[in-house]
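Engineer: What follows is structure.csv, made up of CSV, C-alpha atoms:
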chain,number,residue,atom,x,y,z
A,201,SER,CA,3.3,4.4,11.0
A,202,GLY,CA,1.0,5.3,13.9
A,203,PHE,CA,1.7,2.0,15.6
A,204,ALA,CA,4.7,1.8,18.0
A,205,ALA,CA,5.1,-1.9,17.7
A,206,LEU,CA,5.3,-1.7,13.9
A,207,ASP,CA,7.7,1.3,14.1
A,208,ALA,CA,10.0,-0.7,16.3
A,209,ILE,CA,10.6,-3.3,13.5
A,210,LEU,CA,10.4,-1.1,10.4
A,211,PRO,CA,13.7,0.1,9.0
A,212,GLY,CA,14.1,3.8,9.8
A,213,GLY,CA,11.5,3.5,12.6
A,214,GLY,CA,8.5,4.1,10.3
A,215,TRP,CA,7.0,3.8,6.8
A,216,PRO,CA,9.3,4.8,3.9
A,217,THR,CA,8.6,8.1,2.2
A,218,ARG,CA,9.4,6.8,-1.3
A,219,GLY,CA,9.7,3.4,-3.1
A,220,LEU,CA,7.4,0.4,-3.2
A,221,THR,CA,5.9,-1.3,-0.1
A,222,GLU,CA,4.1,-4.6,-0.8
A,223,ILE,CA,1.5,-5.6,1.7
A,224,LEU,CA,0.7,-9.3,1.3
A,225,ALA,CA,-2.4,-10.6,2.9
A,226,ALA,CA,-4.3,-13.9,2.8
A,227,GLY,CA,-7.6,-12.2,2.3
A,228,SER,CA,-9.3,-8.9,2.1
A,229,GLY,CA,-10.8,-7.2,5.2
A,230,ILE,CA,-8.1,-8.2,7.7
A,231,GLY,CA,-6.8,-4.7,8.3
A,232,ALA,CA,-4.3,-4.1,5.5
A,233,LEU,CA,-5.7,-0.6,4.7
A,234,ARG,CA,-6.2,0.2,8.4
A,235,LEU,CA,-2.5,-0.4,8.8
A,236,VAL,CA,-1.5,2.5,6.6
A,237,LEU,CA,-4.4,5.0,7.3
A,238,PRO,CA,-2.5,7.0,9.9
A,239,ALA,CA,0.4,7.7,7.5
A,240,LEU,CA,-2.1,8.4,4.6
A,241,ALA,CA,-3.9,10.9,6.9
A,242,ARG,CA,-0.6,12.7,7.7
A,243,LEU,CA,0.3,12.9,4.0
A,244,SER,CA,-3.1,14.3,3.0
A,245,ARG,CA,-3.0,16.9,5.8
A,246,GLU,CA,0.4,18.0,4.4
A,247,GLY,CA,-1.3,18.7,1.1
A,248,ARG,CA,0.0,15.6,-0.7
A,249,TRP,CA,-2.3,13.6,-3.0
A,250,ILE,CA,-3.4,10.1,-2.0
A,251,ILE,CA,-4.2,8.3,-5.3
A,252,TRP,CA,-6.1,5.0,-5.2
A,253,VAL,CA,-5.9,3.0,-8.4
A,254,ALA,CA,-8.4,0.1,-9.0
A,255,PRO,CA,-9.4,-0.4,-5.4
A,256,PRO,CA,-11.4,-3.6,-4.9
A,257,HIS,CA,-14.2,-1.7,-3.1
A,258,ILE,CA,-15.4,1.9,-3.3
A,259,PRO,CA,-13.6,3.8,-0.5
A,260,TYR,CA,-16.0,4.8,2.2
A,261,SER,CA,-15.4,8.5,2.7
A,262,PRO,CA,-16.9,8.9,6.2
A,263,ALA,CA,-14.5,6.2,7.5
A,264,LEU,CA,-11.5,7.8,5.7
A,265,SER,CA,-12.5,11.2,7.1
A,266,GLY,CA,-12.9,9.6,10.5
A,267,HIS,CA,-9.3,8.4,10.3
A,268,GLY,CA,-8.1,11.9,9.6
A,269,LEU,CA,-7.7,11.9,5.8
A,270,ASP,CA,-8.3,15.2,4.0
A,271,LEU,CA,-10.8,14.0,1.4
A,272,THR,CA,-10.0,16.9,-0.9
A,273,ARG,CA,-6.6,15.3,-1.4
A,274,VAL,CA,-7.9,11.8,-2.2
A,275,LEU,CA,-8.3,10.7,-5.9
A,276,VAL,CA,-9.7,7.4,-6.9
A,277,VAL,CA,-8.9,6.1,-10.4
A,278,ASP,CA,-11.0,3.1,-11.5
A,279,PHE,CA,-11.9,1.4,-14.8
A,280,PRO,CA,-15.0,-0.6,-15.6
A,281,GLU,CA,-14.4,-4.3,-15.0
A,282,ASP,CA,-15.7,-5.1,-18.5
A,283,GLU,CA,-13.1,-2.7,-20.0
A,284,ARG,CA,-10.9,-4.9,-22.2
A,285,ASN,CA,-7.7,-3.2,-21.1
A,286,ALA,CA,-8.6,-2.3,-17.5
A,287,ALA,CA,-5.6,-4.1,-16.0
A,288,ALA,CA,-3.1,-2.4,-18.4
A,289,GLN,CA,-4.8,0.9,-17.9
A,290,SER,CA,-4.6,0.5,-14.1
A,291,LEU,CA,-0.9,-0.2,-14.2
A,292,TRP,CA,-0.3,2.8,-16.5
A,293,ALA,CA,-2.3,5.1,-14.2
A,294,TYR,CA,-0.5,3.7,-11.1
A,295,GLU,CA,2.9,4.4,-12.7
A,296,GLN,CA,1.8,7.9,-13.6
A,297,ALA,CA,0.7,8.5,-10.0
A,298,LEU,CA,4.0,7.3,-8.7
A,299,ARG,CA,5.9,9.7,-10.9
A,300,PHE,CA,3.6,12.7,-9.9
A,301,ASP,CA,5.6,15.0,-7.6
A,302,ALA,CA,2.6,16.1,-5.5
A,303,CYS,CA,1.6,12.5,-4.8
A,304,GLY,CA,2.4,11.4,-1.3
A,305,ALA,CA,1.1,7.8,-1.7
A,306,ALA,CA,-0.3,5.8,-4.5
A,307,LEU,CA,-2.2,2.6,-3.8
A,308,LEU,CA,-2.9,-0.4,-6.1
A,309,TRP,CA,-4.5,-3.7,-5.7
A,310,VAL,CA,-3.1,-6.3,-8.0
A,311,ASP,CA,-2.3,-10.0,-8.2
A,312,ARG,CA,0.6,-11.3,-10.2
A,313,LEU,CA,3.0,-8.9,-12.0
A,314,PRO,CA,6.0,-9.6,-14.2
A,315,GLN,CA,9.3,-8.8,-12.6
A,316,LEU,CA,10.1,-6.2,-15.2
A,317,ARG,CA,6.8,-4.3,-14.4
A,318,LEU,CA,7.5,-4.4,-10.7
A,319,ARG,CA,11.0,-2.9,-11.3
A,320,ARG,CA,9.4,-0.2,-13.4
A,321,LEU,CA,7.0,0.6,-10.6
A,322,GLN,CA,9.8,0.7,-8.0
A,323,LEU,CA,11.9,3.1,-10.2
A,324,ALA,CA,8.8,5.3,-10.8
A,325,ALA,CA,8.2,5.5,-7.0
A,326,GLU,CA,11.8,6.5,-6.4
A,327,SER,CA,11.9,9.1,-9.1
A,328,GLY,CA,8.6,10.7,-8.0
A,329,ALA,CA,9.4,10.6,-4.3
A,330,THR,CA,6.1,8.7,-3.8
A,331,TRP,CA,5.3,6.0,-1.4
A,332,GLY,CA,3.9,3.2,-3.6
A,333,LEU,CA,1.6,0.7,-1.8
A,334,LEU,CA,0.9,-2.6,-3.6
A,335,PHE,CA,-1.8,-4.7,-1.9
A,336,ARG,CA,-1.3,-8.3,-3.1
A,337,PRO,CA,-2.4,-11.8,-2.1
A,338,ALA,CA,-0.1,-13.7,0.3
A,339,ALA,CA,0.6,-16.2,-2.5
A,340,CYS,CA,2.7,-13.5,-4.2
A,341,ALA,CA,5.2,-13.8,-1.4
A,342,ALA,CA,7.0,-16.5,-3.3
A,343,GLN,CA,7.5,-14.2,-6.3
A,344,ALA,CA,10.8,-12.2,-6.2
A,345,SER,CA,10.2,-8.4,-6.0
A,346,PRO,CA,12.4,-5.3,-6.2
A,347,ALA,CA,10.3,-3.6,-3.5
A,348,PRO,CA,12.6,-2.7,-0.6
A,349,LEU,CA,9.8,-3.4,1.9
A,350,ARG,CA,7.4,-6.4,1.9
A,351,LEU,CA,5.1,-7.2,4.8
A,352,GLU,CA,2.9,-10.3,5.3
A,353,LEU,CA,-0.2,-9.9,7.3
A,354,ARG,CA,-2.1,-12.6,9.1
A,355,ALA,CA,-5.3,-12.1,11.1
A,356,LEU,CA,-5.2,-13.4,14.6
A,357,ASP,CA,-8.1,-14.0,17.0
A,358,ALA,CA,-10.8,-13.3,14.3
A,359,ALA,CA,-13.6,-13.1,16.9
A,360,SER,CA,-11.9,-10.5,19.1
A,361,ALA,CA,-12.4,-6.8,19.0
A,362,PRO,CA,-10.1,-4.9,18.5
A,363,ALA,CA,-8.9,-7.1,15.6
A,364,ALA,CA,-5.5,-8.6,16.1
A,365,LEU,CA,-3.0,-8.7,13.3
A,366,GLN,CA,0.4,-10.2,12.9
A,367,VAL,CA,2.8,-8.3,10.7
A,368,ARG,CA,5.9,-10.1,9.5
A,369,LEU,CA,8.6,-8.3,7.6
A,370,HIS,CA,9.1,-10.6,4.6
A,371,LYS,CA,11.7,-8.3,3.1
A,372,ALA,CA,13.4,-5.2,4.5
A,373,ARG,CA,16.7,-3.4,4.3
A,374,GLY,CA,19.2,-4.0,7.0
A,375,ARG,CA,18.7,-6.7,9.7
A,376,HIS,CA,14.9,-6.2,9.9
A,377,ALA,CA,13.7,-9.0,7.6
A,378,GLY,CA,11.9,-11.8,9.5
A,379,GLN,CA,10.9,-9.6,12.4
A,380,CYS,CA,7.2,-9.8,13.5
A,381,CYS,CA,4.9,-7.8,15.7
A,382,ARG,CA,1.3,-8.0,16.8
A,383,LEU,CA,-1.0,-5.1,16.4
A,384,GLU,CA,-4.5,-4.4,17.8
A,385,LEU,CA,-6.5,-2.6,15.2
A,386,GLU,CA,-9.5,-0.6,16.4
A,387,ILE,CA,-12.5,-1.2,14.1
Do you think you could lay out the structure here as structure tokens?

Structural biologist:
Amino acid sequence: SGFAALDAILPGGGWPTRGLTEILAAGSGIGALRLVLPALARLSREGRWIIWVAPPHIPYSPALSGHGLDLTRVLVVDFPEDERNAAAQSLWAYEQALRFDACGAALLWVDRLPQLRLRRLQLAAESGATWGLLFRPAACAAQASPAPLRLELRALDAASAPAALQVRLHKARGRHAGQCCRLELEI
């Protein structure tokens, strides 16, 4: 993962290489994306695609490059907000990205999803050998999910720099569920 404290609590000692990972956060801007950037950078340098579907903000390429991402391997798929079927198109695009063999990671920002749709996405991520990242609000923690890894993030010491973040494994294979760690994220 790029964070020793996080690796210590993750099953297998790091991020999974396939399947869904849900990152649940109370709000945007607390470090959810920063948490996965080291792994995304490694995947992009290996020549794997990093596909962003419906990001809430336009990715800032100088920052991504500064964190080591090969920008020639980053693809952003977005739809106009006024598009009548934007949500359905985003889910379709995300599922296709998960099934794409050359995709190392596919990222999606979404709120509520039906259980059947989550299961389809999990199966797509497994069949495509893709790491699927779902960024969702913390309120979705109460919803059941087939994702084998679910993390809850909580900002700590908002006024401090580097930013402090608590990571709790809401769901994980093995005996890892419920474990927490504190990370210091450089801004």

Engineer: Which of these, A:Ile209, A:Ile250, A:Ala325, A:Ala293, has the shortest distance to Ala305 of chain A once you count all atoms listed in the file?

Structural biologist: A:Ile250

Engineer: Counting only C-alpha atoms, which residue out of A:Arg382, A:Arg320, A:Arg336, A:Arg248 sits closest to Ala306 of chain A?

Structural biologist: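 With only C-alpha atoms as the atom set, the closest residue is A:Arg248.
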
Engineer: Any idea what the distance is between atom CA of Gly374 of chain A and atom CA of Asp301 of chain A?

Structural biologist: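 Rounded to one decimal, the two atoms are 27.6 Å apart.
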
Engineer: From the options A:Ala342, A:Ala239, A:Ala287, A:Gly219, which residue's atoms come nearest to Ser327 of chain A, counting only C-alpha atoms?

Structural biologist: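 Ranking A:Ala342, A:Ala239, A:Ala287, A:Gly219 by distance to Ser327 of chain A, first place goes to A:Gly219.
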
Engineer: Between atom CA of Arg218 of chain A and atom CA of Trp249 of chain A, what is the spacing in Å?

Structural biologist: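 Taking atom CA of Trp249 of chain A and atom CA of Arg218 of chain A, their separation equals 13.6 Å.
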
Engineer: Which residue out of A:Thr330, A:Gln322, A:Gln289, A:Ser201 has the minimum interatomic distance to Leu235 of chain A when only C-alpha atoms are used?

Structural biologist: A:Ser201

Engineer: Would you pick out the contacts of Ala288 of chain A at 12 Å or less, using only C-alpha atoms, so that residues sharing its chain but fewer than 4 positions from it are not included, and give the list as an NGL selection string?

Structural biologist: :A and (253-254 or 278-279 or 281 or 283-284 or 292-295 or 310 or 313 or 317)

Engineer: I need the residues from that last selection saved to file as a tab-separated table (two decimals), keeping the file's coordinate frame (with C-alpha atoms), if you can.

Structural biologist:
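And here's part-v4.tsv as it stands now:
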chain	number	residue	atom	x	y	z
A	253	VAL	CA	-5.90	3.00	-8.40
A	254	ALA	CA	-8.40	0.10	-9.00
A	278	ASP	CA	-11.00	3.10	-11.50
A	279	PHE	CA	-11.90	1.40	-14.80
A	281	GLU	CA	-14.40	-4.30	-15.00
A	283	GLU	CA	-13.10	-2.70	-20.00
A	284	ARG	CA	-10.90	-4.90	-22.20
A	292	TRP	CA	-0.30	2.80	-16.50
A	293	ALA	CA	-2.30	5.10	-14.20
A	294	TYR	CA	-0.50	3.70	-11.10
A	295	GLU	CA	2.90	4.40	-12.70
A	310	VAL	CA	-3.10	-6.30	-8.00
A	313	LEU	CA	3.00	-8.90	-12.00
A	317	ARG	CA	6.80	-4.30	-14.40

Engineer: May I ask which of the residues A:Ala232, A:Cys303, A:His257, A:Ala377 is the closest one to Arg273 of chain A, counting all atoms listed in the file?

Structural biologist: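 Distance minimum relative to Arg273 of chain A lands on A:Cys303.
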
Engineer: What does the distance between atom CA of Pro280 of chain A and atom CA of Leu318 of chain A come to in Å, to one decimal place?

Structural biologist: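 Separation between atom CA of Pro280 of chain A and atom CA of Leu318 of chain A: 23.3 Å.
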
Engineer: Could you tell me which of A:Glu384, A:Glu222, A:Asp270, A:Glu326 comes closest to Ala344 of chain A if we count all atoms listed in the file?

Structural biologist: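 Going through A:Glu384, A:Glu222, A:Asp270, A:Glu326 one by one, the smallest distance to Ala344 of chain A is for A:Glu222.
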
Engineer: Given the point (0.8, -9.7, 10.3) in the file's coordinates, find the residues that have an atom at most 12 Å from it, counting only C-alpha atoms, and give them as a compact mmCIF listing (two decimals) with C-alpha atoms, keeping the file's coordinate frame.

Structural biologist:
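Writing done, so here's part_16.txt:
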# COMPACT_ATOMS: atom_id res chain seq x y z
CA ALA A 205 5.10 -1.90 17.70
CA LEU A 206 5.30 -1.70 13.90
CA ILE A 223 1.50 -5.60 1.70
CA LEU A 224 0.70 -9.30 1.30
CA ALA A 225 -2.40 -10.60 2.90
CA ALA A 226 -4.30 -13.90 2.80
CA GLY A 227 -7.60 -12.20 2.30
CA ILE A 230 -8.10 -8.20 7.70
CA GLY A 231 -6.80 -4.70 8.30
CA ALA A 232 -4.30 -4.10 5.50
CA LEU A 235 -2.50 -0.40 8.80
CA ALA A 338 -0.10 -13.70 0.30
CA ARG A 350 7.40 -6.40 1.90
CA LEU A 351 5.10 -7.20 4.80
CA GLU A 352 2.90 -10.30 5.30
CA LEU A 353 -0.20 -9.90 7.30
CA ARG A 354 -2.10 -12.60 9.10
CA ALA A 355 -5.30 -12.10 11.10
CA LEU A 356 -5.20 -13.40 14.60
CA ASP A 357 -8.10 -14.00 17.00
CA ALA A 363 -8.90 -7.10 15.60
CA ALA A 364 -5.50 -8.60 16.10
CA LEU A 365 -3.00 -8.70 13.30
CA GLN A 366 0.40 -10.20 12.90
CA VAL A 367 2.80 -8.30 10.70
CA ARG A 368 5.90 -10.10 9.50
CA LEU A 369 8.60 -8.30 7.60
CA HIS A 370 9.10 -10.60 4.60
CA GLY A 378 11.90 -11.80 9.50
CA GLN A 379 10.90 -9.60 12.40
CA CYS A 380 7.20 -9.80 13.50
CA CYS A 381 4.90 -7.80 15.70
CA ARG A 382 1.30 -8.00 16.80
CA LEU A 383 -1.00 -5.10 16.40
CA GLU A 384 -4.50 -4.40 17.80
CA LEU A 385 -6.50 -2.60 15.20

Engineer: At a cut-off of 7 Å, using only C-alpha atoms, what residues contact His267 of chain A? Leave out same-chain residues fewer than 6 positions from it and give the result as a PyMOL selection string.

Structural biologist: chain A and resi 237-238+241

Engineer: Contacts of Pro211 of chain A at 9 Å or less, counting only C-alpha atoms, minus same-chain residues fewer than 6 places along, as a VMD selection string?

Structural biologist: chain A and resid 349 372 to 376

Engineer: Add whatever atoms are absent from segment 246-257 of chain A to reach all heavy atoms, and provide the output as an mmCIF file, keeping the file's coordinate frame.

Structural biologist:
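Here's the written file result.cif:
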data_model
loop_
_atom_site.group_PDB
_atom_site.id
_atom_site.type_symbol
_atom_site.label_atom_id
_atom_site.label_comp_id
_atom_site.auth_asym_id
_atom_site.auth_seq_id
_atom_site.Cartn_x
_atom_site.Cartn_y
_atom_site.Cartn_z
ATOM 1 N N GLU A 246 -0.707 17.185 4.851
ATOM 2 C CA GLU A 246 0.400 18.000 4.400
ATOM 3 C C GLU A 246 0.193 18.505 2.966
ATOM 4 O O GLU A 246 1.061 19.151 2.379
ATOM 5 C CB GLU A 246 1.701 17.090 4.355
ATOM 6 C CG GLU A 246 2.200 16.714 5.725
ATOM 7 C CD GLU A 246 3.331 15.681 5.691
ATOM 8 O OE1 GLU A 246 3.711 15.225 4.587
ATOM 9 O OE2 GLU A 246 3.832 15.342 6.769
ATOM 10 N N GLY A 247 -0.979 18.222 2.399
ATOM 11 C CA GLY A 247 -1.300 18.700 1.100
ATOM 12 C C GLY A 247 -0.870 17.799 -0.056
ATOM 13 O O GLY A 247 -0.936 18.175 -1.225
ATOM 14 N N ARG A 248 -0.430 16.584 0.273
ATOM 15 C CA ARG A 248 0.000 15.600 -0.700
ATOM 16 C C ARG A 248 -1.214 14.805 -1.185
ATOM 17 O O ARG A 248 -2.137 14.559 -0.418
ATOM 18 C CB ARG A 248 1.067 14.666 -0.162
ATOM 19 C CG ARG A 248 2.267 15.318 0.490
ATOM 20 C CD ARG A 248 3.353 15.822 -0.441
ATOM 21 N NE ARG A 248 3.810 14.922 -1.452
ATOM 22 C CZ ARG A 248 4.831 14.069 -1.332
ATOM 23 N NH1 ARG A 248 5.493 13.983 -0.190
ATOM 24 N NH2 ARG A 248 5.181 13.306 -2.344
ATOM 25 N N TRP A 249 -1.208 14.395 -2.438
ATOM 26 C CA TRP A 249 -2.300 13.600 -3.000
ATOM 27 C C TRP A 249 -2.165 12.139 -2.536
ATOM 28 O O TRP A 249 -1.060 11.596 -2.466
ATOM 29 C CB TRP A 249 -2.310 13.647 -4.499
ATOM 30 C CG TRP A 249 -2.867 14.920 -5.011
ATOM 31 C CD1 TRP A 249 -2.167 16.023 -5.423
ATOM 32 C CD2 TRP A 249 -4.245 15.241 -5.155
ATOM 33 N NE1 TRP A 249 -3.041 17.008 -5.803
ATOM 34 C CE2 TRP A 249 -4.321 16.550 -5.656
ATOM 35 C CE3 TRP A 249 -5.431 14.550 -4.903
ATOM 36 C CZ2 TRP A 249 -5.526 17.193 -5.921
ATOM 37 C CZ3 TRP A 249 -6.628 15.181 -5.170
ATOM 38 C CH2 TRP A 249 -6.674 16.485 -5.666
ATOM 39 N N ILE A 250 -3.294 11.516 -2.270
ATOM 40 C CA ILE A 250 -3.400 10.100 -2.000
ATOM 41 C C ILE A 250 -4.196 9.527 -3.176
ATOM 42 O O ILE A 250 -5.386 9.820 -3.306
ATOM 43 C CB ILE A 250 -4.100 9.783 -0.663
ATOM 44 C CG1 ILE A 250 -3.478 10.585 0.486
ATOM 45 C CG2 ILE A 250 -4.100 8.295 -0.393
ATOM 46 C CD1 ILE A 250 -2.008 10.354 0.724
ATOM 47 N N ILE A 251 -3.543 8.750 -4.035
ATOM 48 C CA ILE A 251 -4.200 8.300 -5.300
ATOM 49 C C ILE A 251 -4.422 6.778 -5.167
ATOM 50 O O ILE A 251 -3.486 6.005 -5.001
ATOM 51 C CB ILE A 251 -3.340 8.634 -6.501
ATOM 52 C CG1 ILE A 251 -3.145 10.159 -6.565
ATOM 53 C CG2 ILE A 251 -4.003 8.109 -7.768
ATOM 54 C CD1 ILE A 251 -2.245 10.634 -7.689
ATOM 55 N N TRP A 252 -5.700 6.399 -5.247
ATOM 56 C CA TRP A 252 -6.100 5.000 -5.200
ATOM 57 C C TRP A 252 -6.364 4.542 -6.636
ATOM 58 O O TRP A 252 -7.162 5.151 -7.338
ATOM 59 C CB TRP A 252 -7.402 4.837 -4.423
ATOM 60 C CG TRP A 252 -7.406 5.351 -3.013
ATOM 61 C CD1 TRP A 252 -6.957 6.558 -2.574
ATOM 62 C CD2 TRP A 252 -7.903 4.675 -1.878
ATOM 63 N NE1 TRP A 252 -7.158 6.664 -1.223
ATOM 64 C CE2 TRP A 252 -7.734 5.527 -0.777
ATOM 65 C CE3 TRP A 252 -8.497 3.426 -1.692
ATOM 66 C CZ2 TRP A 252 -8.122 5.161 0.498
ATOM 67 C CZ3 TRP A 252 -8.889 3.071 -0.421
ATOM 68 C CH2 TRP A 252 -8.700 3.919 0.662
ATOM 69 N N VAL A 253 -5.698 3.488 -7.057
ATOM 70 C CA VAL A 253 -5.900 3.000 -8.400
ATOM 71 C C VAL A 253 -6.511 1.574 -8.304
ATOM 72 O O VAL A 253 -5.962 0.689 -7.640
ATOM 73 C CB VAL A 253 -4.574 2.921 -9.197
ATOM 74 C CG1 VAL A 253 -4.803 2.349 -10.592
ATOM 75 C CG2 VAL A 253 -3.959 4.324 -9.291
ATOM 76 N N ALA A 254 -7.642 1.412 -8.940
ATOM 77 C CA ALA A 254 -8.400 0.100 -9.000
ATOM 78 C C ALA A 254 -8.580 -0.510 -7.633
ATOM 79 O O ALA A 254 -8.268 -1.676 -7.421
ATOM 80 C CB ALA A 254 -7.609 -0.842 -9.922
ATOM 81 N N PRO A 255 -9.169 0.242 -6.692
ATOM 82 C CA PRO A 255 -9.400 -0.400 -5.400
ATOM 83 C C PRO A 255 -10.510 -1.470 -5.538
ATOM 84 O O PRO A 255 -11.395 -1.352 -6.392
ATOM 85 C CB PRO A 255 -9.963 0.790 -4.539
ATOM 86 C CG PRO A 255 -10.478 1.785 -5.520
ATOM 87 C CD PRO A 255 -9.653 1.628 -6.760
ATOM 88 N N PRO A 256 -10.428 -2.523 -4.729
ATOM 89 C CA PRO A 256 -11.400 -3.600 -4.900
ATOM 90 C C PRO A 256 -12.799 -3.227 -4.409
ATOM 91 O O PRO A 256 -13.775 -3.866 -4.784
ATOM 92 C CB PRO A 256 -10.816 -4.708 -3.962
ATOM 93 C CG PRO A 256 -9.965 -3.992 -2.977
ATOM 94 C CD PRO A 256 -9.437 -2.775 -3.694
ATOM 95 N N HIS A 257 -12.897 -2.178 -3.600
ATOM 96 C CA HIS A 257 -14.200 -1.700 -3.100
ATOM 97 C C HIS A 257 -14.159 -0.157 -3.197
ATOM 98 O O HIS A 257 -13.098 0.463 -3.118
ATOM 99 C CB HIS A 257 -14.438 -2.113 -1.676
ATOM 100 C CG HIS A 257 -14.281 -3.578 -1.455
ATOM 101 N ND1 HIS A 257 -15.197 -4.503 -1.894
ATOM 102 C CD2 HIS A 257 -13.279 -4.294 -0.869
ATOM 103 C CE1 HIS A 257 -14.778 -5.721 -1.582
ATOM 104 N NE2 HIS A 257 -13.619 -5.617 -0.969
#
